[in-house]
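Working notes for the structure below.
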Amino acid sequence: MNFAVVRKWLNNRPLFFRLVIPYIAVVILLASCLGFTYSKSLKIVKKDILYANDMALEQTRRTLEIRISEMEQTMWDIVSLPSVRRALIIREPFEQANPYRFKSVSSSLKQLSLSNDFILDYFVLFKRSSMAVNSDKIYTFPQLYELYFQYDEGSRDHWQDRFFQLNGNFQPAMQLTLAGKTVSGIPFIRPMGNGREVHGALLVLMDNRKIHELLGSMQLSEGSLSYIADQKGQIISYVSGTGVEGLVPSVVKDVNLKDMITASTTSHQLGWTFVTAHPQAIVAERSLEITQSILYVLLIFVFLGLVISIGLAHRHSLSLHRLTRHFTEQSEPKLFFGNAYSWIEQKVGGLSERQHIMEKLHKEQLPILQTTFYEQLLKGYFSSEDHLQSLMKHAGLEFDSTGYLVITIHFTGYGDGVDADILREVEGKKIIVKEALRFSDAAKSIHVHDWDTYHLSIIYCCGDEEIQDLRLVEQILLHILGNHSLYLEEELDVVVTASSMVTNLWELPHAYQEAMTAFRQYVWDPRHRFVWYDGQPENQSFAYYPPELEAMLVQCTLTGDIERMQDLLHGLYQENMVNRKLSLSMLQLFLNELLGTLAKVLIELKNMQTSPEEYVQIRCVRDAVDYYGQIHDRFLSLGSLIHLNKRSHNIELRDRLTAFIQKNAFDSDLSASKVAREFNISSAYFSQFFKEQVGSNFSTYLEQLRIARAKELLNGTDSNVQEIAVSIGYNSSNSFIRAFKRSEGRTPSEYRQA
């Protein structure tokens with residue numbers, strides 16, 4: 001054997017041996033541990049099998065809770081539809097315009113997104129008119145029973161009486177006939193009425209087969225069983241290791257669990273108990289099979305571990321060579337034991353130091369970032385939940401509560417003056433108030449935003465006790481303000497207004513409007529300096545349309561944000577047309593203000609040739625509803641047109657960008673910033689727009705064009721690699737080779753030879 005050759009090979013691979021020795025040591029150590037634990041694994045495996053059953057049950061429970069929660073939300077959306085509520089009072093379904101009203105119910109249901117695959121079908125049942133409606137079918141009760149939906153427990157009268165007497169609980173699974181097909185379903189009825197009388201019901205049929213699939217995921221063998229029972233002990237769904245054939249028990253006490261190993265969990269949300277049971281003999285047999293296989297796995301593990309260790313050591317040593325070559329720009333860097341790691345550690349240490357500097361700068365900017373975040377949050381300037389969470393994390397803030405209040409502190413007694421002395425005095429009071437809130441016991445629940453000259457805004461995160469009794473918040477704030485007014489020569493003259501409680505951050509803009517509305521409606525009273533929005537009289541004599549809400553409506557319309565625009569219009573309708581008992585003159589004033597907003601949008605669009613009516617005049621509430629519908633349709637039409645134009649503009653810009661890049665792809669100085677300058681847009685917007693519209697970033701798209709051209713030249717010409725690299729826009733052959741190998745998995749030379 002030529003030892004000189006072996007020695008030379010070893011000297012050229014120091015990193016390989018530095019890496020392979022720890023790998024082999026780890027393999028040997030793990031093999032020893034497995035051998036030591038082999039004799040004790042039987043008990044552990046049994047425990048793991050039972051644990052797996054518990055986890056499978058938990059997964060089944062969580063899945064059903066999520067699905068049923070989605071279903072209940074959809075049901076709530078359905079019963080909240082205005083068209084559904086109006087149809088509840090109809091007694092004669094085929095007189096006058098009533099057929100169109102039921103058609104309107106069906107159309108409204110069709111607009112709802114119902115993508116829950118656990119639902120077989122659903123119907124809205126109207127008791128007074130004996131009609132049943134869903135998104136694509138309208139039946140009378142006799143037609144529904146005879147043509148579409150029957151079950152095996154009685155006549156149609158019994159069927160109808162039963163479904164109107166249920167109180168909202170899930171019923172045990174039963175055999176149903178839907179459109180001539182026999183299925184297994186779980187009925188759920190949600191009554192609709194005024195609390196004293198049921199006027200209708202929402203019937204939802206869950207697919208029992210989906211629940212069988214979840215229960216069957218627990219690897220039921222012969223003799224095993226799994227079921228779900230409600231609080232009364234009724235079995236909702238049942239499956240055994242041999243399927244569901246044969247006699248299925250209807251209550252829990254009929255289930256035989258003798259000599260069985262059971263696992264169970266309870267859903268407090270649903271009130272259901274999930275149970276799975278396996279014969280003891282089957283669990284023992286599985287445990288023995290697993291422990292016997294451990295020995296074979298141990299031997300295979302040792303062999304594969306050695307092979308993988310050698311492969312990983314070789315791969316990682318090559319990676320270290322490439323990494324050092326990249327940093328040092330040396331073609332053949334000479335590496336010895338330790339020096340590559342030390343050099344990389346030095347480089348990474350420099351990066352860590354720069355990261356520390358960036359974190360320090362970020363910490364110094366936190367107050368500005370938090371102020372900006374608070375303002376955007378209260379104005380509703382967030383496009384998505386991910387956008388909100390990202391900015392909240394960047395600002396170093398955390399909101400962990402199930403209830404939020406927006407509270408505004410108004411410094412009164414200054415009129416509209418902006419005298420420098422007044423501003424200094426107000427600023428001094430605001431500093432004292434902010435410091436008082438910052439060092440109070442409730443500081444963790446308080447987020448203060450200095451909104452404008454004469455008032456502060458607070459986002460208050462309510463605790464469990466405060467959610468139960470919001471007056472505790474009032475006591476806390478009045479106590480803080482009262483104690484710290486001693487720092488002033490005179491009493492702190494403020495008015496505090498609070499919104500109603502909301503449950504998520506998305507509702508805070510509306511809560512802020514409520515707090516400001518409470519201040520606008522406040523009548524000076526030195527005995528009551530803390531005003532709740534919910535404490536205002538329900539029978540308001542004026543319309544609700546604050547300037548902030550009008551500005552948001554104009555912005556949403558001009559940007560084509562149809563969903564947000566419709567939410568704002570619906571909120572205005574609900575507040576002014578439903579909640580408040582406005583006079584006809586006040587309704588007329590509100591509609592004309594809304595019409596004025598529409599005119600502002602048209603002026604912004606320079607589209608006054610389609611101006612709205614000059615003035616709204618109404619004689620009854622019905623006229624007001626009709627006029628509102630016309631104004632709503634105009635807003636929707638404008639928003640849809642703007643959204644469509646915006647989308648058309650994006651497509652045109654995308655085509656122009658890709659055409660320019662394809663034309664200039666082989667210029668070596670082509671870059672994202674150059675393309676952005678060519679089209680007079682910022683580099684950041686170009687990168688975001690290109691990735692969103694094309695599906696890949698600029699550098700990847702450009703590389704694909706260049707590599708495609710390189711393949712044509714390699715196949716069709718005799719040009720060398722250097723010439724091809726320069727001709728397609730690369731400044732060096734090394735850059736071209738790396739890009740080609742990254743794209744094709746081999747070098748240009750290897751590609752040409754193949």
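Naming scheme: A, B, ... for chains in displayed order of the structure tokens; residues 1 onward per chain; ligands 1 onward as shown.
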**OP:** Identify, on the basis of only C-alpha atoms, every residue whose closest approach to Ser440 (chain A) does not exceed 12 Å; exclude the query and any residue fewer than 2 positions from it along the same chain; express the result as a PyMOL selection string.
**Re:** chain A and resi 433-438+442-446+476-481+483-484
Subject >> Shell of 7 Å around Thr140 (chain A), only C-alpha atoms, local chain residues under 6 positions omitted, as a VMD selection string >> reply: chain A and resid 130 to 132
Can you tell me, as a CSV table (one decimal) with C-alpha atoms, in the first residue's frame, what residues are no more than 10 Å from Arg62 (chain A) when counting only C-alpha atoms, ignoring any on the same chain fewer than 6 positions away?
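Final file, selection-v1.csv:
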chain,number,residue,atom,x,y,z
A,56,ALA,CA,-55.7,11.4,18.8
A,68,ILE,CA,-68.5,23.5,14.8
A,267,SER,CA,-64.9,19.4,25.3
**OP:** For Leu366 (chain A), please output as a ChimeraX atom specification all residues within 9 Å (counting only C-alpha atoms; exclusion window: fewer than 5 positions along the same chain).
**Re:** /A:361,371,394-396
Go ahead and write the residues just picked, C-alpha atoms, as a PDB file, in the first residue's frame.
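This is the output file out-v5.pdb:
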ATOM      1  CA  LEU A 361     -31.013  52.154  17.141  1.00  0.00           C
ATOM      2  CA  THR A 371     -46.848  56.574  18.411  1.00  0.00           C
ATOM      3  CA  HIS A 394     -41.910  45.821  15.281  1.00  0.00           C
ATOM      4  CA  ALA A 395     -43.113  48.533  17.687  1.00  0.00           C
ATOM      5  CA  GLY A 396     -42.387  46.266  20.673  1.00  0.00           C
TER       6      GLY A 396
END
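Taking CA of His212 (chain A) and CA of Val239 (chain A) as the two end points, the separation is 6.4 Å.
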Subject >> Those in region 367-606 of chain A with alpha helix (DSSP H) from DSSP, as number ranges by chain >> reply: A: 367-379, 385-394, 420-438, 464-468, 471-484, 508-520, 547-559, 562-573, 584-604
Grab the residues selected above and save them as a tab-separated table (two decimals), in the first residue's frame with C-alpha atoms.
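Saved as selection-v1.tsv:
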chain	number	residue	atom	x	y	z
A	367	PRO	CA	-41.36	55.75	21.02
A	368	ILE	CA	-41.83	57.08	17.45
A	369	LEU	CA	-42.78	53.62	16.16
A	370	GLN	CA	-45.29	53.14	18.99
A	371	THR	CA	-46.85	56.57	18.41
A	372	THR	CA	-47.24	55.80	14.71
A	373	PHE	CA	-48.70	52.37	15.49
A	374	TYR	CA	-51.26	53.77	17.96
A	375	GLU	CA	-52.43	56.36	15.42
A	376	GLN	CA	-52.77	53.78	12.63
A	377	LEU	CA	-54.56	51.40	15.00
A	378	LEU	CA	-57.15	53.97	16.10
A	379	LYS	CA	-57.70	55.14	12.51
A	385	GLU	CA	-54.32	40.73	10.52
A	386	ASP	CA	-50.76	39.78	9.51
A	387	HIS	CA	-49.99	43.44	8.74
A	388	LEU	CA	-51.28	44.51	12.15
A	389	GLN	CA	-49.36	41.80	14.03
A	390	SER	CA	-46.14	42.56	12.12
A	391	LEU	CA	-46.21	46.29	12.93
A	392	MET	CA	-47.22	45.61	16.53
A	393	LYS	CA	-44.22	43.30	16.98
A	394	HIS	CA	-41.91	45.82	15.28
A	420	ALA	CA	-48.28	79.76	23.32
A	421	ASP	CA	-48.91	80.07	27.08
A	422	ILE	CA	-52.05	77.94	26.77
A	423	LEU	CA	-50.18	75.31	24.79
A	424	ARG	CA	-47.40	75.17	27.41
A	425	GLU	CA	-49.94	74.84	30.19
A	426	VAL	CA	-51.83	72.03	28.43
A	427	GLU	CA	-48.58	70.25	27.58
A	428	GLY	CA	-47.51	70.39	31.23
A	429	LYS	CA	-50.81	68.87	32.36
A	430	LYS	CA	-50.54	66.15	29.71
A	431	ILE	CA	-47.02	65.25	30.90
A	432	ILE	CA	-48.27	64.92	34.49
A	433	VAL	CA	-51.19	62.73	33.39
A	434	LYS	CA	-48.97	60.49	31.23
A	435	GLU	CA	-46.45	60.05	34.05
A	436	ALA	CA	-49.27	59.28	36.48
A	437	LEU	CA	-50.60	56.58	34.16
A	438	ARG	CA	-47.11	55.23	33.48
A	464	ASP	CA	-61.19	39.38	33.83
A	465	GLU	CA	-62.68	41.33	36.76
A	466	GLU	CA	-62.88	44.53	34.72
A	467	ILE	CA	-64.64	42.71	31.88
A	468	GLN	CA	-67.31	41.65	34.39
A	471	ARG	CA	-67.01	50.52	36.44
A	472	LEU	CA	-63.73	49.30	38.00
A	473	VAL	CA	-61.92	50.97	35.09
A	474	GLU	CA	-63.68	54.23	35.86
A	475	GLN	CA	-62.66	53.99	39.53
A	476	ILE	CA	-59.02	53.25	38.62
A	477	LEU	CA	-58.64	56.20	36.23
A	478	LEU	CA	-60.45	58.69	38.45
A	479	HIS	CA	-58.25	57.60	41.36
A	480	ILE	CA	-55.06	58.11	39.31
A	481	LEU	CA	-56.15	61.52	38.00
A	482	GLY	CA	-57.40	62.64	41.41
A	483	ASN	CA	-54.14	61.79	43.22
A	484	HIS	CA	-51.88	63.49	40.67
A	508	LEU	CA	-60.74	49.86	18.07
A	509	PRO	CA	-61.34	52.52	15.33
A	510	HIS	CA	-65.09	52.23	15.96
A	511	ALA	CA	-64.48	52.32	19.72
A	512	TYR	CA	-62.47	55.53	19.32
A	513	GLN	CA	-65.33	57.10	17.40
A	514	GLU	CA	-67.69	56.11	20.23
A	515	ALA	CA	-65.43	57.78	22.82
A	516	MET	CA	-65.26	60.98	20.75
A	517	THR	CA	-69.02	60.86	20.15
A	518	ALA	CA	-69.57	60.62	23.91
A	519	PHE	CA	-67.48	63.77	24.36
A	520	ARG	CA	-69.41	65.65	21.66
A	547	PRO	CA	-66.27	63.46	10.46
A	548	GLU	CA	-63.74	60.68	11.10
A	549	LEU	CA	-66.16	58.09	9.77
A	550	GLU	CA	-66.93	60.21	6.71
A	551	ALA	CA	-63.19	60.52	5.96
A	552	MET	CA	-62.76	56.74	6.25
A	553	LEU	CA	-65.72	56.17	3.91
A	554	VAL	CA	-64.28	58.53	1.29
A	555	GLN	CA	-60.86	56.89	1.54
A	556	CYS	CA	-62.24	53.33	1.23
A	557	THR	CA	-64.30	54.29	-1.83
A	558	LEU	CA	-61.41	56.05	-3.57
A	559	THR	CA	-59.07	53.10	-2.95
A	562	ILE	CA	-65.24	47.43	-1.26
A	563	GLU	CA	-65.43	45.17	1.79
A	564	ARG	CA	-64.39	47.90	4.23
A	565	MET	CA	-66.70	50.41	2.50
A	566	GLN	CA	-69.69	48.09	2.87
A	567	ASP	CA	-68.86	47.50	6.54
A	568	LEU	CA	-68.89	51.27	7.18
A	569	LEU	CA	-72.17	51.77	5.29
A	570	HIS	CA	-73.76	48.85	7.14
A	571	GLY	CA	-72.62	50.31	10.47
A	572	LEU	CA	-74.15	53.68	9.59
A	573	TYR	CA	-77.39	51.99	8.54
A	584	LEU	CA	-88.15	61.95	9.66
A	585	SER	CA	-86.42	65.33	9.49
A	586	MET	CA	-83.29	63.91	11.15
A	587	LEU	CA	-83.33	60.88	8.83
A	588	GLN	CA	-83.59	63.26	5.89
A	589	LEU	CA	-80.62	65.26	7.23
A	590	PHE	CA	-78.54	62.09	7.61
A	591	LEU	CA	-79.31	60.93	4.07
A	592	ASN	CA	-78.38	64.32	2.64
A	593	GLU	CA	-75.08	64.26	4.55
A	594	LEU	CA	-74.40	60.80	3.09
A	595	LEU	CA	-75.31	62.18	-0.34
A	596	GLY	CA	-72.83	65.00	0.26
A	597	THR	CA	-70.11	62.43	0.96
A	598	LEU	CA	-70.92	60.78	-2.37
A	599	ALA	CA	-70.54	64.16	-4.06
A	600	LYS	CA	-67.10	64.58	-2.45
A	601	VAL	CA	-66.04	61.22	-3.90
A	602	LEU	CA	-67.27	62.23	-7.35
A	603	ILE	CA	-65.39	65.54	-7.11
A	604	GLU	CA	-62.20	63.66	-6.22
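Between CA of Tyr627 (chain A) and CA of Leu641 (chain A) there is a distance of 21.3 Å.
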Subject >> Residue contacts of region 87-100 of chain A (12 Å, only C-alpha atoms) excluding same-chain residues fewer than 2 positions away, as number ranges by chain >> reply: A: 79-85, 102-107, 124-133, 138-141, 191-194, 197-202
Exercise: Thr60 (chain A) partners within 9 Å, only C-alpha atoms, chain neighbours under 2 positions left out, as a PDB file with C-alpha atoms, in the first residue's frame:
ATOM      1  CA  MET A  55     -53.494  12.817  21.586  1.00  0.00           C
ATOM      2  CA  ALA A  56     -55.678  11.442  18.799  1.00  0.00           C
ATOM      3  CA  LEU A  57     -58.752  12.125  20.915  1.00  0.00           C
ATOM      4  CA  GLU A  58     -57.492  15.659  21.625  1.00  0.00           C
ATOM      5  CA  ARG A  62     -59.962  20.311  18.595  1.00  0.00           C
ATOM      6  CA  THR A  63     -60.932  19.591  14.995  1.00  0.00           C
ATOM      7  CA  LEU A  64     -64.616  19.276  15.864  1.00  0.00           C
ATOM      8  CA  GLU A  65     -64.502  22.398  18.054  1.00  0.00           C
ATOM      9  CA  ILE A 211     -66.933  12.313  12.330  1.00  0.00           C
ATOM     10  CA  LEU A 214     -61.964  11.374  12.765  1.00  0.00           C
ATOM     11  CA  LEU A 215     -62.851   8.627  15.220  1.00  0.00           C
ATOM     12  CA  SER A 217     -58.045   7.788  12.830  1.00  0.00           C
ATOM     13  CA  PHE A 274     -64.865  11.665  23.497  1.00  0.00           C
TER      14      PHE A 274
END
Subject >> Sel. of strand (DSSP E) residues, region 421-583 of chain A, as a list in words >> reply: Ile446, His447, Val448, His449, Asp450, Trp451, Asp452, His455, Leu456, Ser457, Ile458, Ile459, Tyr460, Cys461, Val494, Val495, Val496, Thr497, Ala498, Phe530, Val531 and Trp532 of chain A
Filtering to C-alpha atoms, could you give me those residues as a PDB file, in the first residue's frame?
ATOM      1  CA  ILE A 446     -52.726  51.180  29.684  1.00  0.00           C
ATOM      2  CA  HIS A 447     -51.400  52.302  26.290  1.00  0.00           C
ATOM      3  CA  VAL A 448     -51.341  56.118  26.004  1.00  0.00           C
ATOM      4  CA  HIS A 449     -51.328  58.019  22.702  1.00  0.00           C
ATOM      5  CA  ASP A 450     -50.916  61.802  22.547  1.00  0.00           C
ATOM      6  CA  TRP A 451     -53.545  62.353  19.839  1.00  0.00           C
ATOM      7  CA  ASP A 452     -53.740  66.146  19.548  1.00  0.00           C
ATOM      8  CA  HIS A 455     -56.813  65.334  24.478  1.00  0.00           C
ATOM      9  CA  LEU A 456     -55.035  62.032  25.139  1.00  0.00           C
ATOM     10  CA  SER A 457     -56.234  58.637  23.950  1.00  0.00           C
ATOM     11  CA  ILE A 458     -55.872  55.437  25.979  1.00  0.00           C
ATOM     12  CA  ILE A 459     -56.219  51.842  24.817  1.00  0.00           C
ATOM     13  CA  TYR A 460     -57.153  49.968  27.988  1.00  0.00           C
ATOM     14  CA  CYS A 461     -56.677  46.163  28.114  1.00  0.00           C
ATOM     15  CA  VAL A 494     -60.529  67.149  32.481  1.00  0.00           C
ATOM     16  CA  VAL A 495     -63.432  65.172  31.033  1.00  0.00           C
ATOM     17  CA  VAL A 496     -62.897  61.433  30.503  1.00  0.00           C
ATOM     18  CA  THR A 497     -65.026  59.572  27.935  1.00  0.00           C
ATOM     19  CA  ALA A 498     -65.000  55.806  27.346  1.00  0.00           C
ATOM     20  CA  PHE A 530     -66.322  60.259  33.441  1.00  0.00           C
ATOM     21  CA  VAL A 531     -68.780  59.578  30.596  1.00  0.00           C
ATOM     22  CA  TRP A 532     -69.532  56.172  29.077  1.00  0.00           C
TER      23      TRP A 532
END
**OP:** Figure out the distance between CA of Ser640 (chain A) and CA of Gln111 (chain A), please, to one decimal in Å.
**Re:**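 Atom-to-atom, CA of Gln111 (chain A) to CA of Ser640 (chain A), that is 16.5 Å.
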